[in-house]
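Q: Let me begin by handing over the structure; questions about it come next.
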Amino acid sequence: MKQVTAAIVKPLPDHLFIRHDGSAEMRWEAMAGLGYHTPIDRFFVRNHTSTPLIDAHTWRLRLHGPGVRCPAVYDYAGLRAMPTRTIDAAIECTGNGRRFYETQQHDPTPGTPWGLGAIGVARWRGVPLAYLLRQAGIRPEAVDVVARGLDAPFEDHGHVRRPLPVAKALDDVLVAYEMNGRPLPPDHGFPARLVVPGWAGIASIKWLGDLDVTTSEAATPWNTVFYRDITVQPVKSAFELAWDSTLVAGRSYVLRGRSWSGRGHIVNVEVSFDGGVTWHQPEQRGRHLVGAWARWHVNWVPRRPGPHVLMARATDETGATQPLVTPRHPLGYDFDAVVRHPVQVVEW
């Protein structure tokens with residue numbers, strides 16, 4: 001089987017991203033009119049340290065711990081030779097939307113001031129984690145799978161690592177080696193990463209090198225100090241439109257956007273052109289793929305010049321609906337309130 005090695009990391013194009021100290025947030029206007037999946041060159045980047053360049057020839061994945069009968073070590077060719085699965089799944093930083101705690105709710109929190117662009121949906125291909133665990137003889141008493149990345153240690157906390165409950169690990173988690181039909185780029189976890197559908201991005205460990213199956217509840221800095229009690233992502237919506245765009249009065253516009261939830265499919269979306277006074281039903285597209293996010297569009301003819309506020313709110317299949325205000329999280333996680341998107345309308 002042909003071996004694939006990591007390419008040199010290329011600078012991200014500024015017109016597609018908003019930069020945050022080594023991380024990069026997708027600009028929503030760069031997704032306007034595109035298909036269901038986020039192109040690799042627009043997919044947000046969030047690293048705790050820096051992107052490692054790993055040689056696929058020497059890379060190994062260790063699966064071990066008291067929770068398995070037959071520890072194993074896999075190389076890249078061996079992983080790619082195993083039974084595969086392909087899924088459409090979102091990866092989202094749990095701090096996505098953090099800046100709105102300050103700009104919208106006037107209650108700032110620490111951390112990277114993400115807008116709504118710390119999310120992307122890709123078509124991931126790889127080996128179900130359940131397959132690897134069963135091949136290794138997972139024991140009935142197994143509790144957690146602690147995934148560890150091969151990026152550099154973070155401060156004095158060691159390598160990024162995060163426990164995953166066995167029930168989730170055996171459900172829908174993927175050890176992915178392809179993204180949108182291509183080998184994972186270095187920024188997105190080459191040679192292999194976890195993809196944990198519906199859960200906060202920290203669970204989808206990149207540059208995967210170690211899976212430790214425990215028989216007791218595991219604790220790491222990434223589930224005790226950081227991201228404590230963070231699992232499933234809440235409901236959110238975004239317009240495929242630049243922030244504070246300028247539109248022309250009397251002209252017809254098709255406003256496009258996307259809504260998503262880690263809890264399940266989006267079943268309803270509403271859009272307001274007047275700051276929440278009235279609401280309208282947009283048309284939804286691609287319903288057969290809405291497990292990752294739902295695409296929608298709505299027509300609008302702004303009649304008067306001046307500032308306007310666009311809003312979109314969604315409801316998922318569990319009944320969860322975006323609120324108007326999100327209770328403050330001390331670290332700025334899980335902002336799910338309806339975002340007030342400003343636009344300026346001018347005379348022709």
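For the structure tokens, the naming scheme is as follows: chains receive sequential letters (A, B, ...) according to their order of presentation, residues are indexed from 1 within each chain, and ligands are indexed from 1 in presentation order.
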Using only C-alpha atoms, what table do you get, as a tab-separated table, when you list each residue of region 263-313 of chain A with an atom no more than 7 Å from region 232-237 of chain A, its nearest pair of atoms, and their distance in Å rounded to one decimal, rows by chain then rising number?
A:
```
residue	atom	partner	partner_atom	distance
A:Arg263	CA	A:Val232	CA	6.6
A:Ala312	CA	A:Ser237	CA	6.0
A:Arg313	CA	A:Ser237	CA	6.1
```
Q: What residues in region 110-241 of chain A get the DSSP label helix (DSSP H, G or I)? Please answer as a VMD selection string.
A: chain A and resid 129 to 135 166 to 169 186 to 188 201 to 203 221 to 224
Q: Set the distance at 7 Å and use only C-alpha atoms: which residues neighbour Leu174 (chain A) once local chain neighbours fewer than 5 positions away are removed? I'd like the list as a list in words.
A: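 The residues satisfying every condition are Gly126, Val127, Pro128, Leu129, Leu194, Val195 and Val196 of chain A.
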Q: Create the file for the chosen residues now, containing all heavy atoms and written as a PDB file, in the first residue's frame.
A:
```pdb
ATOM      1  N   GLY A 126     -12.261   6.501   7.846  1.00  0.00           N
ATOM      2  CA  GLY A 126     -11.298   5.853   8.717  1.00  0.00           C
ATOM      3  C   GLY A 126     -11.841   4.551   9.265  1.00  0.00           C
ATOM      4  O   GLY A 126     -12.733   3.931   8.677  1.00  0.00           O
ATOM      5  N   VAL A 127     -11.322   4.153  10.407  1.00  0.00           N
ATOM      6  CA  VAL A 127     -11.685   2.887  11.044  1.00  0.00           C
ATOM      7  C   VAL A 127     -12.535   3.182  12.277  1.00  0.00           C
ATOM      8  O   VAL A 127     -12.151   4.004  13.106  1.00  0.00           O
ATOM      9  CB  VAL A 127     -10.416   2.117  11.459  1.00  0.00           C
ATOM     10  CG1 VAL A 127     -10.795   0.795  12.126  1.00  0.00           C
ATOM     11  CG2 VAL A 127      -9.524   1.878  10.248  1.00  0.00           C
ATOM     12  N   PRO A 128     -13.687   2.538  12.416  1.00  0.00           N
ATOM     13  CA  PRO A 128     -14.461   2.743  13.645  1.00  0.00           C
ATOM     14  C   PRO A 128     -13.625   2.383  14.869  1.00  0.00           C
ATOM     15  O   PRO A 128     -12.974   1.339  14.911  1.00  0.00           O
ATOM     16  CB  PRO A 128     -15.653   1.788  13.480  1.00  0.00           C
ATOM     17  CG  PRO A 128     -15.785   1.601  11.996  1.00  0.00           C
ATOM     18  CD  PRO A 128     -14.382   1.633  11.468  1.00  0.00           C
ATOM     19  N   LEU A 129     -13.631   3.266  15.859  1.00  0.00           N
ATOM     20  CA  LEU A 129     -12.902   2.965  17.091  1.00  0.00           C
ATOM     21  C   LEU A 129     -13.429   1.684  17.725  1.00  0.00           C
ATOM     22  O   LEU A 129     -12.660   0.914  18.321  1.00  0.00           O
ATOM     23  CB  LEU A 129     -13.030   4.143  18.064  1.00  0.00           C
ATOM     24  CG  LEU A 129     -12.338   3.993  19.414  1.00  0.00           C
ATOM     25  CD1 LEU A 129     -10.862   3.657  19.269  1.00  0.00           C
ATOM     26  CD2 LEU A 129     -12.538   5.257  20.260  1.00  0.00           C
ATOM     27  N   LEU A 194      -9.036  11.297  16.063  1.00  0.00           N
ATOM     28  CA  LEU A 194     -10.389  10.898  16.406  1.00  0.00           C
ATOM     29  C   LEU A 194     -11.377  11.890  15.816  1.00  0.00           C
ATOM     30  O   LEU A 194     -11.102  13.081  15.713  1.00  0.00           O
ATOM     31  CB  LEU A 194     -10.583  10.873  17.923  1.00  0.00           C
ATOM     32  CG  LEU A 194      -9.936   9.756  18.734  1.00  0.00           C
ATOM     33  CD1 LEU A 194     -10.439   9.814  20.181  1.00  0.00           C
ATOM     34  CD2 LEU A 194     -10.210   8.384  18.137  1.00  0.00           C
ATOM     35  N   VAL A 195     -12.530  11.383  15.427  1.00  0.00           N
ATOM     36  CA  VAL A 195     -13.683  12.216  15.103  1.00  0.00           C
ATOM     37  C   VAL A 195     -14.816  11.724  15.996  1.00  0.00           C
ATOM     38  O   VAL A 195     -15.233  10.562  15.900  1.00  0.00           O
ATOM     39  CB  VAL A 195     -14.062  12.120  13.613  1.00  0.00           C
ATOM     40  CG1 VAL A 195     -15.363  12.875  13.347  1.00  0.00           C
ATOM     41  CG2 VAL A 195     -12.935  12.661  12.742  1.00  0.00           C
ATOM     42  N   VAL A 196     -15.265  12.608  16.878  1.00  0.00           N
ATOM     43  CA  VAL A 196     -16.285  12.259  17.871  1.00  0.00           C
ATOM     44  C   VAL A 196     -17.539  13.066  17.553  1.00  0.00           C
ATOM     45  O   VAL A 196     -17.672  14.224  17.980  1.00  0.00           O
ATOM     46  CB  VAL A 196     -15.780  12.544  19.305  1.00  0.00           C
ATOM     47  CG1 VAL A 196     -16.809  12.088  20.334  1.00  0.00           C
ATOM     48  CG2 VAL A 196     -14.435  11.855  19.552  1.00  0.00           C
TER      49      VAL A 196
END
```
Q: Which polymer residues have any atom within 12 Å of an atom of Pro330 (chain A), counting only C-alpha atoms, with same-chain residues fewer than 4 positions away left out, as a list in words?
A: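 In the requested format, the answer is Gly95, Arg98, Tyr101, Asp107, Pro108, Thr109, Pro110, Gly111, Phe226, Tyr227, Arg228, Thr326, Asp334 and Phe335 of chain A.
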Q: Could you write those residues out with N, CA, C and O atoms, as a PDB file, in the first residue's frame?
A:
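Result went into out-v4.pdb, see below:
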```
ATOM      1  N   GLY A  95     -15.461  26.733  22.483  1.00  0.00           N
ATOM      2  CA  GLY A  95     -15.449  28.180  22.670  1.00  0.00           C
ATOM      3  C   GLY A  95     -16.034  28.950  21.496  1.00  0.00           C
ATOM      4  O   GLY A  95     -16.013  30.186  21.506  1.00  0.00           O
ATOM      5  N   ARG A  98     -17.573  32.601  21.650  1.00  0.00           N
ATOM      6  CA  ARG A  98     -17.176  33.176  22.946  1.00  0.00           C
ATOM      7  C   ARG A  98     -17.219  34.708  22.961  1.00  0.00           C
ATOM      8  O   ARG A  98     -17.580  35.311  23.968  1.00  0.00           O
ATOM      9  N   TYR A 101     -20.261  36.691  24.413  1.00  0.00           N
ATOM     10  CA  TYR A 101     -20.483  36.941  25.836  1.00  0.00           C
ATOM     11  C   TYR A 101     -20.182  38.406  26.157  1.00  0.00           C
ATOM     12  O   TYR A 101     -20.867  39.033  26.971  1.00  0.00           O
ATOM     13  N   ASP A 107     -20.658  40.724  29.144  1.00  0.00           N
ATOM     14  CA  ASP A 107     -20.135  39.945  30.267  1.00  0.00           C
ATOM     15  C   ASP A 107     -18.951  39.124  29.767  1.00  0.00           C
ATOM     16  O   ASP A 107     -19.064  37.922  29.522  1.00  0.00           O
ATOM     17  N   PRO A 108     -17.787  39.744  29.569  1.00  0.00           N
ATOM     18  CA  PRO A 108     -16.659  39.077  28.916  1.00  0.00           C
ATOM     19  C   PRO A 108     -16.121  37.896  29.709  1.00  0.00           C
ATOM     20  O   PRO A 108     -16.254  37.834  30.936  1.00  0.00           O
ATOM     21  N   THR A 109     -15.536  36.954  28.956  1.00  0.00           N
ATOM     22  CA  THR A 109     -14.911  35.773  29.547  1.00  0.00           C
ATOM     23  C   THR A 109     -13.494  35.646  28.982  1.00  0.00           C
ATOM     24  O   THR A 109     -13.187  36.200  27.928  1.00  0.00           O
ATOM     25  N   PRO A 110     -12.618  34.908  29.657  1.00  0.00           N
ATOM     26  CA  PRO A 110     -11.274  34.700  29.120  1.00  0.00           C
ATOM     27  C   PRO A 110     -11.291  33.699  27.969  1.00  0.00           C
ATOM     28  O   PRO A 110     -12.242  32.940  27.808  1.00  0.00           O
ATOM     29  N   GLY A 111     -10.220  33.714  27.183  1.00  0.00           N
ATOM     30  CA  GLY A 111     -10.090  32.741  26.107  1.00  0.00           C
ATOM     31  C   GLY A 111     -10.120  33.379  24.731  1.00  0.00           C
ATOM     32  O   GLY A 111     -10.373  34.576  24.572  1.00  0.00           O
ATOM     33  N   PHE A 226      -9.330  22.058  32.202  1.00  0.00           N
ATOM     34  CA  PHE A 226      -9.951  22.632  31.004  1.00  0.00           C
ATOM     35  C   PHE A 226     -11.127  21.750  30.573  1.00  0.00           C
ATOM     36  O   PHE A 226     -11.107  20.541  30.758  1.00  0.00           O
ATOM     37  N   TYR A 227     -12.143  22.356  29.990  1.00  0.00           N
ATOM     38  CA  TYR A 227     -13.264  21.619  29.379  1.00  0.00           C
ATOM     39  C   TYR A 227     -13.968  20.689  30.360  1.00  0.00           C
ATOM     40  O   TYR A 227     -14.478  19.638  29.989  1.00  0.00           O
ATOM     41  N   ARG A 228     -14.003  21.089  31.613  1.00  0.00           N
ATOM     42  CA  ARG A 228     -14.686  20.268  32.612  1.00  0.00           C
ATOM     43  C   ARG A 228     -16.185  20.241  32.323  1.00  0.00           C
ATOM     44  O   ARG A 228     -16.806  21.264  32.045  1.00  0.00           O
ATOM     45  N   THR A 326     -27.493  33.431  26.829  1.00  0.00           N
ATOM     46  CA  THR A 326     -26.834  32.244  27.360  1.00  0.00           C
ATOM     47  C   THR A 326     -26.280  32.550  28.752  1.00  0.00           C
ATOM     48  O   THR A 326     -25.571  33.558  28.908  1.00  0.00           O
ATOM     49  N   ASP A 334     -19.733  27.073  25.279  1.00  0.00           N
ATOM     50  CA  ASP A 334     -21.137  26.747  25.020  1.00  0.00           C
ATOM     51  C   ASP A 334     -22.047  27.961  24.825  1.00  0.00           C
ATOM     52  O   ASP A 334     -23.193  27.967  25.268  1.00  0.00           O
ATOM     53  N   PHE A 335     -21.569  28.983  24.124  1.00  0.00           N
ATOM     54  CA  PHE A 335     -22.462  30.100  23.806  1.00  0.00           C
ATOM     55  C   PHE A 335     -23.444  29.639  22.733  1.00  0.00           C
ATOM     56  O   PHE A 335     -23.048  29.303  21.620  1.00  0.00           O
TER      57      PHE A 335
END
```
Q: For each of A:Asp172, A:Asp187, A:Glu155, A:Asp75, take the minimum atom-to-atom distance to Asp41 (chain A), counting only C-alpha atoms, then give the residue where this is smallest.
A: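 Ranking A:Asp172, A:Asp187, A:Glu155, A:Asp75 by distance to Asp41 (chain A), first place goes to A:Asp187.
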Q: Which neighbours of region 305-309 of chain A fall inside 7 Å, counting only C-alpha atoms, when residues of the same chain fewer than 3 positions from it are skipped, and could you give them as a PyMOL selection string?
A: chain A and resi 249+273-275+340-347
Q: One decimal, Å: what's the distance from CA of Ala192 (chain A) over to CA of His15 (chain A), could you say?
A: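 So the answer is 28.2 Å.
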Q: So which one's closest to Gly181 (chain A), A:Ile40, A:Leu12, A:Ala130, A:Ala320? Using only C-alpha atoms, please.
A: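 Between A:Ile40, A:Leu12, A:Ala130, A:Ala320, the residue approaching Gly181 (chain A) most closely is A:Ile40.
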Q: Given only C-alpha atoms as the basis, pick out the residue of A:Asp316, A:Asp151, A:Asp55, A:Glu270 nearest to Ala238 (chain A).
A: A:Glu270
Q: Excluding Trp293 (chain A) and residues on its chain fewer than 6 positions from it, collect all residues at most 10 Å away from it, counting only C-alpha atoms, and give them as a list in words.
A: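 Everything that qualifies: Tyr36, His37, Asp88, Ala89, Ala90, Gly120, Val121, Val235, Lys236, Ser237, Arg258, Ser259, Trp260, Ser261, Gly262, Gly264, His265, Ile266, Gly286 and Arg287 of chain A.
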Q: DSSP on the backbone: what in region 30-274 of chain A comes out strand (DSSP E), as a ChimeraX atom specification?
A: /A:60-64,72-75,85-92,119-128,144-149,161-165,174-179,182-183,193-195,208-214,236-239,245-248,253-260,266-272
Q: Please, which residues in region 86-175 of chain A fall within 12 Å of region 59-67 of chain A when counting only C-alpha atoms, and what is the closest atom pair and distance in Å to one decimal for each, ordered by chain then residue number, as JSON lines?
A:
```
{"residue": "A:Leu129", "atom": "CA", "partner": "A:Leu63", "partner_atom": "CA", "distance": 10.6}
{"residue": "A:Tyr131", "atom": "CA", "partner": "A:Leu63", "partner_atom": "CA", "distance": 11.9}
{"residue": "A:Leu132", "atom": "CA", "partner": "A:Leu63", "partner_atom": "CA", "distance": 8.2}
{"residue": "A:Leu133", "atom": "CA", "partner": "A:Leu63", "partner_atom": "CA", "distance": 8.1}
{"residue": "A:Arg134", "atom": "CA", "partner": "A:Gly67", "partner_atom": "CA", "distance": 11.0}
{"residue": "A:Gln135", "atom": "CA", "partner": "A:Leu63", "partner_atom": "CA", "distance": 10.2}
{"residue": "A:Ala136", "atom": "CA", "partner": "A:Leu63", "partner_atom": "CA", "distance": 7.7}
{"residue": "A:Gly137", "atom": "CA", "partner": "A:Gly67", "partner_atom": "CA", "distance": 8.4}
{"residue": "A:Ile138", "atom": "CA", "partner": "A:Gly67", "partner_atom": "CA", "distance": 5.8}
{"residue": "A:Arg139", "atom": "CA", "partner": "A:Gly67", "partner_atom": "CA", "distance": 5.3}
{"residue": "A:Pro140", "atom": "CA", "partner": "A:Gly67", "partner_atom": "CA", "distance": 7.9}
{"residue": "A:Glu141", "atom": "CA", "partner": "A:Gly67", "partner_atom": "CA", "distance": 6.7}
{"residue": "A:Ala142", "atom": "CA", "partner": "A:Gly67", "partner_atom": "CA", "distance": 4.5}
{"residue": "A:Val143", "atom": "CA", "partner": "A:Gly67", "partner_atom": "CA", "distance": 7.5}
{"residue": "A:Asp144", "atom": "CA", "partner": "A:Gly67", "partner_atom": "CA", "distance": 8.4}
{"residue": "A:Val145", "atom": "CA", "partner": "A:Gly67", "partner_atom": "CA", "distance": 8.6}
{"residue": "A:Val146", "atom": "CA", "partner": "A:Gly65", "partner_atom": "CA", "distance": 9.5}
{"residue": "A:Ala147", "atom": "CA", "partner": "A:Leu63", "partner_atom": "CA", "distance": 9.4}
{"residue": "A:Arg148", "atom": "CA", "partner": "A:Leu61", "partner_atom": "CA", "distance": 9.9}
{"residue": "A:Gly149", "atom": "CA", "partner": "A:Leu61", "partner_atom": "CA", "distance": 10.1}
{"residue": "A:Leu150", "atom": "CA", "partner": "A:Trp59", "partner_atom": "CA", "distance": 9.8}
{"residue": "A:Val166", "atom": "CA", "partner": "A:Gly67", "partner_atom": "CA", "distance": 9.9}
{"residue": "A:Val175", "atom": "CA", "partner": "A:Leu61", "partner_atom": "CA", "distance": 10.4}
```
Q: So which residues touch His20 (chain A) within 12 Å, counting only C-alpha atoms, skipping near sequence neighbours fewer than 2 positions away, as a compact mmCIF listing (two decimals) with C-alpha atoms, in the first residue's frame?
A:
```txt
# COMPACT_ATOMS: atom_id res chain seq x y z
CA ASP A 14 -6.12 35.72 5.16
CA PHE A 17 -9.82 33.24 8.07
CA ILE A 18 -9.77 35.46 11.13
CA GLY A 22 -1.92 30.64 16.02
CA SER A 23 -5.50 29.47 15.56
CA ALA A 24 -7.67 30.43 12.59
CA GLU A 25 -11.42 31.01 12.44
CA MET A 26 -13.37 30.44 9.23
CA PHE A 44 -10.92 26.30 11.12
CA VAL A 45 -7.71 25.47 12.97
CA ARG A 46 -7.36 25.20 16.75
CA ASN A 47 -4.09 23.96 18.25
CA HIS A 48 -2.90 23.99 21.85
CA ARG A 99 -16.79 36.82 21.90
CA GLY A 111 -10.09 32.74 26.11
CA THR A 112 -9.84 33.02 22.34
CA PRO A 113 -12.52 35.48 21.14
CA TRP A 114 -14.09 33.24 18.51
CA GLY A 115 -17.04 34.49 16.51
CA GLY A 117 -16.36 30.33 12.63
CA ALA A 118 -14.75 27.72 14.88
```
Q: Return the single residue from A:Glu29, A:Glu92, A:Glu283, A:Glu317 that is closest to Trp199 (chain A), with distances computed using only C-alpha atoms.
A: A:Glu92
Q: Name the closest residue to Gly332 (chain A) among the candidates A:Val73, A:Ile230, A:Ala32, A:Ile87; distances are taken between atoms, counting only C-alpha atoms.
A: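 Among the listed residues, the smallest separation from Gly332 (chain A) belongs to A:Ile230.
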Q: Give the answer as one residue: which of A:Ala203, A:Val271, A:Val248, A:Ala294 has the shortest atom-to-atom distance to Trp348 (chain A), using only C-alpha atoms?
A: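 Going through A:Ala203, A:Val271, A:Val248, A:Ala294 one by one, the smallest distance to Trp348 (chain A) is for A:Val248.
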